[in-house]
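Working notes for the structure below.
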Amino acid sequence: MSVDETISAPVPERGSRGIQSIEVGGQLLLALAHHGRPMALKDLAREAGMPPAKAHPYLVSFGKLGLIEQEPGSGRYGLGPLALQLGLISLQQFDPVRLATPLIEELAQATGHTMAIAVWGNRGPTIVRVAEAPSPVHVAMRHGTVMSLRGTASGWLFAAHRPREEVQAMLAQEAAAGGLQGAALDAAAFEAKLDEVRRHGLARVVDQAIPGVSALAAPVFDGRGALLLSITGIGPSATFDTAWDGALAGAIRRCAAALSRQLGAG
């Protein structure tokens, strides 16, 4: 089972029994959630795979609960106030790092490379979770490590998606610190690198911060399109596939995209 399948198609408990009528009626709610707009009875029923006469009683009951409401003028059905309230509560309960942690553990096992979660902290991109590779030869990362904006895949990813003023302030701090992070970089080359990250939906470094070490990082967005965290893979350059369209890049992208969808991204 792939990482994105783990999110989008959870497996019910064995031997569990449900109420069939609720599952049937739930198809109407799923259809409304999928389309994201009010629908006419015939269209909604068709999307839910049932005749309008069968769909209507469900809609009446859902309307009494506040899960669905009917527009007075057009008669179309849309999600009701209770559905909206439940959605807000669900978003409040989401902890992106908690949701991502088992995914990077699975990804590390599947790819054989160390995986990590980085978030934006007060000092820049910061590693908050690590899943070490099962291979005896791997690159170790530590919790709390702050990643350079211009020396790491996680750094380039955040630089490409965070507000410009935040990125410029962090670059100034890195320049003051000196070393690789403070090395001069042509403005045009810097912007070209950011465009490359956005175009590929992935950041890549090869032997940049540490010789012999490469990394790939993919973004996880929320429903507003804001970058929440990065899913980052790192490993020895000799065995780490850095191709934009390689199997490793695809696995990291799919993991990040599936988590983004779960967090409300389109």
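Ligands are numbered from 1 in the order shown, chains are lettered A, B, ... in the order of the structure tokens, and residues start at 1 in each chain.
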| message | I want to know what sits within 8 Å of A:Ala251, based on only C-alpha atoms, with residues of the same chain fewer than 3 positions away left out; could you give that as a list in words? | response |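 Once the nearby chain positions are removed, what remains is Val3, Leu107, Ala247, Leu248, Arg254 and Cys255 of chain A.
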Go ahead and save the picked residues with N, CA, C and O atoms, as a PDB file, in the first residue's frame.
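This went into result.pdb:
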ATOM      1  N   VAL A   3       1.818   5.431   0.309  1.00  0.00           N
ATOM      2  CA  VAL A   3       1.569   6.404   1.362  1.00  0.00           C
ATOM      3  C   VAL A   3       0.265   7.129   1.131  1.00  0.00           C
ATOM      4  O   VAL A   3      -0.533   7.321   2.037  1.00  0.00           O
ATOM      5  N   LEU A 107       7.631   5.876   4.697  1.00  0.00           N
ATOM      6  CA  LEU A 107       8.428   6.277   3.541  1.00  0.00           C
ATOM      7  C   LEU A 107       9.892   5.870   3.716  1.00  0.00           C
ATOM      8  O   LEU A 107      10.544   5.435   2.757  1.00  0.00           O
ATOM      9  N   ALA A 247      11.955   7.624  -9.036  1.00  0.00           N
ATOM     10  CA  ALA A 247      11.033   6.934  -8.133  1.00  0.00           C
ATOM     11  C   ALA A 247      11.021   7.568  -6.744  1.00  0.00           C
ATOM     12  O   ALA A 247       9.960   7.692  -6.115  1.00  0.00           O
ATOM     13  N   LEU A 248      12.184   7.979  -6.258  1.00  0.00           N
ATOM     14  CA  LEU A 248      12.250   8.578  -4.926  1.00  0.00           C
ATOM     15  C   LEU A 248      11.530   9.919  -4.900  1.00  0.00           C
ATOM     16  O   LEU A 248      10.748  10.201  -3.976  1.00  0.00           O
ATOM     17  N   ARG A 254       4.226  12.297  -3.696  1.00  0.00           N
ATOM     18  CA  ARG A 254       2.901  11.704  -3.426  1.00  0.00           C
ATOM     19  C   ARG A 254       2.560  11.767  -1.940  1.00  0.00           C
ATOM     20  O   ARG A 254       1.413  12.019  -1.566  1.00  0.00           O
ATOM     21  N   CYS A 255       3.537  11.524  -1.108  1.00  0.00           N
ATOM     22  CA  CYS A 255       3.321  11.590   0.345  1.00  0.00           C
ATOM     23  C   CYS A 255       2.886  12.996   0.744  1.00  0.00           C
ATOM     24  O   CYS A 255       1.910  13.190   1.472  1.00  0.00           O
TER      25      CYS A 255
END
| Excluding same-chain residues fewer than 3 positions from A:Val206, what lies within 12 Å of it counting only C-alpha atoms, as a list of chain:residue names? |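 The residues satisfying every condition are A:Gly151, A:Thr152, A:Ala153, A:Ala203, A:Ala209, A:Ile210, A:Pro211, A:Gly212, A:Val213, A:Ser214, A:Ala215, A:Leu216, A:Ile234, A:Gly235, A:Pro236, A:Ser237, A:Ala238, A:Thr239, A:Phe240, A:Asp241, A:Thr242, A:Ala243.
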The selected residues should be written to file as an mmCIF file, in the first residue's frame (atoms: N, CA and C atoms).
data_model
loop_
_atom_site.group_PDB
_atom_site.id
_atom_site.type_symbol
_atom_site.label_atom_id
_atom_site.label_comp_id
_atom_site.auth_asym_id
_atom_site.auth_seq_id
_atom_site.Cartn_x
_atom_site.Cartn_y
_atom_site.Cartn_z
ATOM 1 N N GLY A 151 21.425 26.088 1.716
ATOM 2 C CA GLY A 151 22.311 24.933 1.722
ATOM 3 C C GLY A 151 21.604 23.605 1.843
ATOM 4 N N THR A 152 20.274 23.635 2.000
ATOM 5 C CA THR A 152 19.528 22.403 2.205
ATOM 6 C C THR A 152 18.261 22.396 1.354
ATOM 7 N N ALA A 153 17.758 21.199 1.080
ATOM 8 C CA ALA A 153 16.519 21.080 0.315
ATOM 9 C C ALA A 153 15.351 21.698 1.076
ATOM 10 N N ALA A 203 12.235 20.534 -3.913
ATOM 11 C CA ALA A 203 13.554 21.166 -3.793
ATOM 12 C C ALA A 203 14.623 20.081 -3.768
ATOM 13 N N ALA A 209 25.535 21.275 0.960
ATOM 14 C CA ALA A 209 25.934 21.626 2.328
ATOM 15 C C ALA A 209 27.021 20.684 2.841
ATOM 16 N N ILE A 210 26.855 19.384 2.535
ATOM 17 C CA ILE A 210 27.804 18.366 2.982
ATOM 18 C C ILE A 210 28.210 17.522 1.779
ATOM 19 N N PRO A 211 29.463 17.468 1.429
ATOM 20 C CA PRO A 211 29.894 16.640 0.300
ATOM 21 C C PRO A 211 29.478 15.184 0.499
ATOM 22 N N GLY A 212 28.954 14.587 -0.570
ATOM 23 C CA GLY A 212 28.535 13.195 -0.499
ATOM 24 C C GLY A 212 27.141 12.990 0.036
ATOM 25 N N VAL A 213 26.402 14.075 0.297
ATOM 26 C CA VAL A 213 25.046 13.972 0.830
ATOM 27 C C VAL A 213 24.089 14.749 -0.067
ATOM 28 N N SER A 214 22.966 14.129 -0.405
ATOM 29 C CA SER A 214 21.947 14.771 -1.237
ATOM 30 C C SER A 214 20.599 14.710 -0.537
ATOM 31 N N ALA A 215 19.663 15.554 -0.997
ATOM 32 C CA ALA A 215 18.349 15.595 -0.353
ATOM 33 C C ALA A 215 17.286 16.081 -1.323
ATOM 34 N N LEU A 216 16.061 15.672 -1.057
ATOM 35 C CA LEU A 216 14.870 16.129 -1.769
ATOM 36 C C LEU A 216 13.828 16.528 -0.735
ATOM 37 N N ILE A 234 16.829 12.380 2.768
ATOM 38 C CA ILE A 234 18.262 12.667 2.724
ATOM 39 C C ILE A 234 19.039 11.364 2.725
ATOM 40 N N GLY A 235 20.146 11.340 1.987
ATOM 41 C CA GLY A 235 20.926 10.109 1.933
ATOM 42 C C GLY A 235 22.256 10.301 1.239
ATOM 43 N N PRO A 236 23.087 9.263 1.228
ATOM 44 C CA PRO A 236 24.380 9.323 0.543
ATOM 45 C C PRO A 236 24.174 9.534 -0.954
ATOM 46 N N SER A 237 24.899 10.462 -1.525
ATOM 47 C CA SER A 237 24.706 10.792 -2.941
ATOM 48 C C SER A 237 24.898 9.588 -3.855
ATOM 49 N N ALA A 238 25.741 8.654 -3.451
ATOM 50 C CA ALA A 238 26.016 7.494 -4.301
ATOM 51 C C ALA A 238 24.790 6.613 -4.500
ATOM 52 N N THR A 239 23.871 6.618 -3.542
ATOM 53 C CA THR A 239 22.703 5.739 -3.629
ATOM 54 C C THR A 239 21.390 6.505 -3.597
ATOM 55 N N PHE A 240 21.451 7.837 -3.571
ATOM 56 C CA PHE A 240 20.255 8.668 -3.444
ATOM 57 C C PHE A 240 19.845 9.175 -4.823
ATOM 58 N N ASP A 241 18.680 8.757 -5.303
ATOM 59 C CA ASP A 241 18.198 9.126 -6.629
ATOM 60 C C ASP A 241 17.668 10.556 -6.598
ATOM 61 N N THR A 242 18.387 11.493 -7.218
ATOM 62 C CA THR A 242 17.983 12.897 -7.196
ATOM 63 C C THR A 242 17.262 13.335 -8.466
ATOM 64 N N ALA A 243 16.947 12.404 -9.353
ATOM 65 C CA ALA A 243 16.251 12.778 -10.590
ATOM 66 C C ALA A 243 14.887 13.387 -10.276
#
| message | Taking the DSSP secondary structure from the backbone, can you list the residues of stretch 33-257 of chain A that are strand (DSSP E or B), as a ChimeraX atom specification? | response | /A:39,68-70,77-79,114-121,124-131,146,203-206,213-221,227-236
| query | A:Lys42, A:Lys64, A:His34, A:Arg129: which is nearest A:Pro102, counting only C-alpha atoms? | reply |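 Among A:Lys42, A:Lys64, A:His34, A:Arg129, it is A:Arg129 that comes nearest to A:Pro102.
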| field | Which residue of A:Gly63, A:Gly155, A:Gly78, A:Pro57 approaches A:Ser230 most closely, using only C-alpha atoms | value |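 When distances to A:Ser230 are compared using only C-alpha atoms, the smallest one comes from A:Gly155.
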| task | Please return as a ChimeraX atom specification: the residues of stretch 69-196 of chain A that backbone DSSP assigns to helix (DSSP H, G or I). | result | /A:81-93,96-111,153-161,164-177,180-182,187-196
| query | Pick the closest to A:Arg253 from A:Leu228, A:Leu194, A:Ala110, A:Ala217: which is it, counting only C-alpha atoms? | reply |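 Checking each of A:Leu228, A:Leu194, A:Ala110, A:Ala217 against A:Arg253, counting only C-alpha atoms, the winner is A:Ala217.
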| task | Skip stretch 27-30 of chain A itself and residues of its chain fewer than 3 positions away, then list as a PyMOL selection string all residues within 12 Å of it, counting only C-alpha atoms. | result | chain A and resi 20-24+33-52+54-63+66-69+77-80+83-84
Using N, CA and C atoms, can you export the residues from the last selection as a tab-separated table (two decimals), in the first residue's frame?
chain	number	residue	atom	x	y	z
A	20	GLN	N	-26.31	0.31	7.10
A	20	GLN	CA	-26.26	0.48	5.66
A	20	GLN	C	-26.95	1.75	5.20
A	21	SER	N	-28.06	2.10	5.82
A	21	SER	CA	-28.79	3.28	5.38
A	21	SER	C	-27.97	4.56	5.59
A	22	ILE	N	-27.17	4.59	6.66
A	22	ILE	CA	-26.31	5.75	6.88
A	22	ILE	C	-25.21	5.81	5.83
A	23	GLU	N	-24.66	4.65	5.51
A	23	GLU	CA	-23.62	4.62	4.49
A	23	GLU	C	-24.17	5.03	3.13
A	24	VAL	N	-25.39	4.62	2.82
A	24	VAL	CA	-26.01	5.00	1.54
A	24	VAL	C	-26.27	6.50	1.51
A	33	ALA	N	-19.55	17.37	-0.86
A	33	ALA	CA	-18.20	17.75	-0.46
A	33	ALA	C	-17.25	17.72	-1.65
A	34	HIS	N	-17.44	16.76	-2.54
A	34	HIS	CA	-16.57	16.62	-3.71
A	34	HIS	C	-16.76	17.79	-4.67
A	35	HIS	N	-18.01	18.20	-4.91
A	35	HIS	CA	-18.27	19.26	-5.88
A	35	HIS	C	-18.06	20.65	-5.28
A	36	GLY	N	-18.24	20.77	-3.97
A	36	GLY	CA	-17.98	22.04	-3.32
A	36	GLY	C	-18.95	23.15	-3.65
A	37	ARG	N	-20.14	22.82	-4.12
A	37	ARG	CA	-21.15	23.84	-4.45
A	37	ARG	C	-22.54	23.22	-4.35
A	38	PRO	N	-23.59	24.05	-4.17
A	38	PRO	CA	-24.96	23.50	-4.12
A	38	PRO	C	-25.31	22.81	-5.43
A	39	MET	N	-26.14	21.77	-5.33
A	39	MET	CA	-26.50	20.97	-6.51
A	39	MET	C	-28.00	20.74	-6.56
A	40	ALA	N	-28.53	20.61	-7.76
A	40	ALA	CA	-29.93	20.25	-7.95
A	40	ALA	C	-30.13	18.80	-7.53
A	41	LEU	N	-31.35	18.48	-7.13
A	41	LEU	CA	-31.65	17.14	-6.64
A	41	LEU	C	-31.24	16.07	-7.64
A	42	LYS	N	-31.59	16.25	-8.91
A	42	LYS	CA	-31.30	15.20	-9.90
A	42	LYS	C	-29.79	15.01	-10.08
A	43	ASP	N	-29.04	16.12	-10.05
A	43	ASP	CA	-27.58	16.02	-10.21
A	43	ASP	C	-26.93	15.39	-8.99
A	44	LEU	N	-27.41	15.79	-7.82
A	44	LEU	CA	-26.87	15.24	-6.59
A	44	LEU	C	-27.15	13.75	-6.48
A	45	ALA	N	-28.38	13.36	-6.81
A	45	ALA	CA	-28.74	11.95	-6.76
A	45	ALA	C	-27.91	11.12	-7.74
A	46	ARG	N	-27.71	11.68	-8.92
A	46	ARG	CA	-26.91	10.96	-9.92
A	46	ARG	C	-25.49	10.75	-9.44
A	47	GLU	N	-24.88	11.79	-8.86
A	47	GLU	CA	-23.52	11.67	-8.36
A	47	GLU	C	-23.42	10.67	-7.22
A	48	ALA	N	-24.51	10.53	-6.44
A	48	ALA	CA	-24.52	9.59	-5.32
A	48	ALA	C	-24.92	8.18	-5.74
A	49	GLY	N	-25.30	8.02	-7.01
A	49	GLY	CA	-25.64	6.70	-7.53
A	49	GLY	C	-26.99	6.19	-7.09
A	50	MET	N	-27.97	7.08	-7.02
A	50	MET	CA	-29.32	6.67	-6.62
A	50	MET	C	-30.36	7.53	-7.32
A	51	PRO	N	-31.60	7.03	-7.47
A	51	PRO	CA	-32.65	7.84	-8.09
A	51	PRO	C	-33.06	8.99	-7.17
A	52	PRO	N	-33.57	10.09	-7.75
A	52	PRO	CA	-33.98	11.24	-6.94
A	52	PRO	C	-35.01	10.89	-5.86
A	54	LYS	N	-35.25	8.27	-4.14
A	54	LYS	CA	-34.57	7.64	-3.01
A	54	LYS	C	-33.73	8.65	-2.24
A	55	ALA	N	-33.15	9.61	-2.98
A	55	ALA	CA	-32.27	10.60	-2.34
A	55	ALA	C	-33.05	11.60	-1.50
A	56	HIS	N	-34.26	11.94	-1.92
A	56	HIS	CA	-35.00	13.02	-1.26
A	56	HIS	C	-35.24	12.78	0.23
A	57	PRO	N	-35.69	11.60	0.69
A	57	PRO	CA	-35.90	11.41	2.13
A	57	PRO	C	-34.62	11.58	2.95
A	58	TYR	N	-33.50	11.14	2.39
A	58	TYR	CA	-32.23	11.35	3.08
A	58	TYR	C	-31.95	12.84	3.25
A	59	LEU	N	-32.19	13.60	2.19
A	59	LEU	CA	-31.93	15.03	2.24
A	59	LEU	C	-32.83	15.73	3.25
A	60	VAL	N	-34.07	15.28	3.35
A	60	VAL	CA	-34.98	15.85	4.34
A	60	VAL	C	-34.43	15.62	5.76
A	61	SER	N	-34.00	14.39	6.03
A	61	SER	CA	-33.46	14.07	7.36
A	61	SER	C	-32.17	14.84	7.63
A	62	PHE	N	-31.30	14.90	6.64
A	62	PHE	CA	-30.06	15.65	6.81
A	62	PHE	C	-30.35	17.13	7.04
A	63	GLY	N	-31.41	17.63	6.38
A	63	GLY	CA	-31.78	19.02	6.57
A	63	GLY	C	-32.24	19.30	7.99
A	66	GLY	N	-29.30	19.72	10.12
A	66	GLY	CA	-28.41	20.84	9.80
A	66	GLY	C	-27.22	20.45	8.97
A	67	LEU	N	-27.17	19.20	8.51
A	67	LEU	CA	-26.06	18.77	7.67
A	67	LEU	C	-26.21	19.28	6.25
A	68	ILE	N	-27.45	19.48	5.81
A	68	ILE	CA	-27.75	19.95	4.47
A	68	ILE	C	-28.81	21.05	4.58
A	69	GLU	N	-28.75	22.03	3.71
A	69	GLU	CA	-29.80	23.04	3.62
A	69	GLU	C	-30.14	23.29	2.16
A	77	TYR	N	-29.38	21.94	-3.23
A	77	TYR	CA	-28.96	21.50	-1.90
A	77	TYR	C	-27.46	21.76	-1.71
A	78	GLY	N	-27.16	22.28	-0.52
A	78	GLY	CA	-25.77	22.51	-0.17
A	78	GLY	C	-25.51	22.07	1.25
A	79	LEU	N	-24.26	22.10	1.67
A	79	LEU	CA	-23.93	21.73	3.04
A	79	LEU	C	-24.51	22.75	4.01
A	80	GLY	N	-25.04	22.25	5.13
A	80	GLY	CA	-25.68	23.10	6.12
A	80	GLY	C	-24.76	23.56	7.22
A	83	ALA	N	-22.71	20.88	9.15
A	83	ALA	CA	-21.60	20.36	8.36
A	83	ALA	C	-20.42	21.34	8.40
A	84	LEU	N	-20.72	22.63	8.30
A	84	LEU	CA	-19.65	23.63	8.36
A	84	LEU	C	-18.99	23.65	9.73
Give me the residues within 6 Å of A:Ala131 as a PDB file with N, CA, C and O atoms, in the first residue's frame, counting only C-alpha atoms and dropping any in the same chain fewer than 4 places off.
ATOM      1  N   GLU A 105       7.746   7.562   8.498  1.00  0.00           N
ATOM      2  CA  GLU A 105       8.269   6.266   8.943  1.00  0.00           C
ATOM      3  C   GLU A 105       8.041   5.211   7.861  1.00  0.00           C
ATOM      4  O   GLU A 105       8.930   4.402   7.560  1.00  0.00           O
ATOM      5  N   THR A 114      16.660   8.076   5.008  1.00  0.00           N
ATOM      6  CA  THR A 114      16.168   8.825   6.150  1.00  0.00           C
ATOM      7  C   THR A 114      15.179   9.883   5.688  1.00  0.00           C
ATOM      8  O   THR A 114      15.408  10.574   4.687  1.00  0.00           O
ATOM      9  N   MET A 115      14.070  10.023   6.415  1.00  0.00           N
ATOM     10  CA  MET A 115      13.049  11.010   6.111  1.00  0.00           C
ATOM     11  C   MET A 115      12.844  11.910   7.322  1.00  0.00           C
ATOM     12  O   MET A 115      13.016  11.469   8.468  1.00  0.00           O
TER      13      MET A 115
END
| task | Give the answer as one residue: which of A:Glu196, A:Asp186, A:Glu174, A:Asp207 has the shortest atom-to-atom distance to A:His161, using only C-alpha atoms? | result |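 Looking at the shortest contact to A:His161, the residue is A:Glu196.
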| request: Grab the atom CA of A:Phe158 to atom CA of A:Gly112 distance for me, in Å with one decimal place. | output: 24.8 Å
| task | Can you work out which one of A:Leu259, A:Val128, A:Leu227, A:Ala192 has the shortest atom-to-atom distance to A:Arg162, counting only C-alpha atoms? | result |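 Nearest to A:Arg162: A:Leu227.
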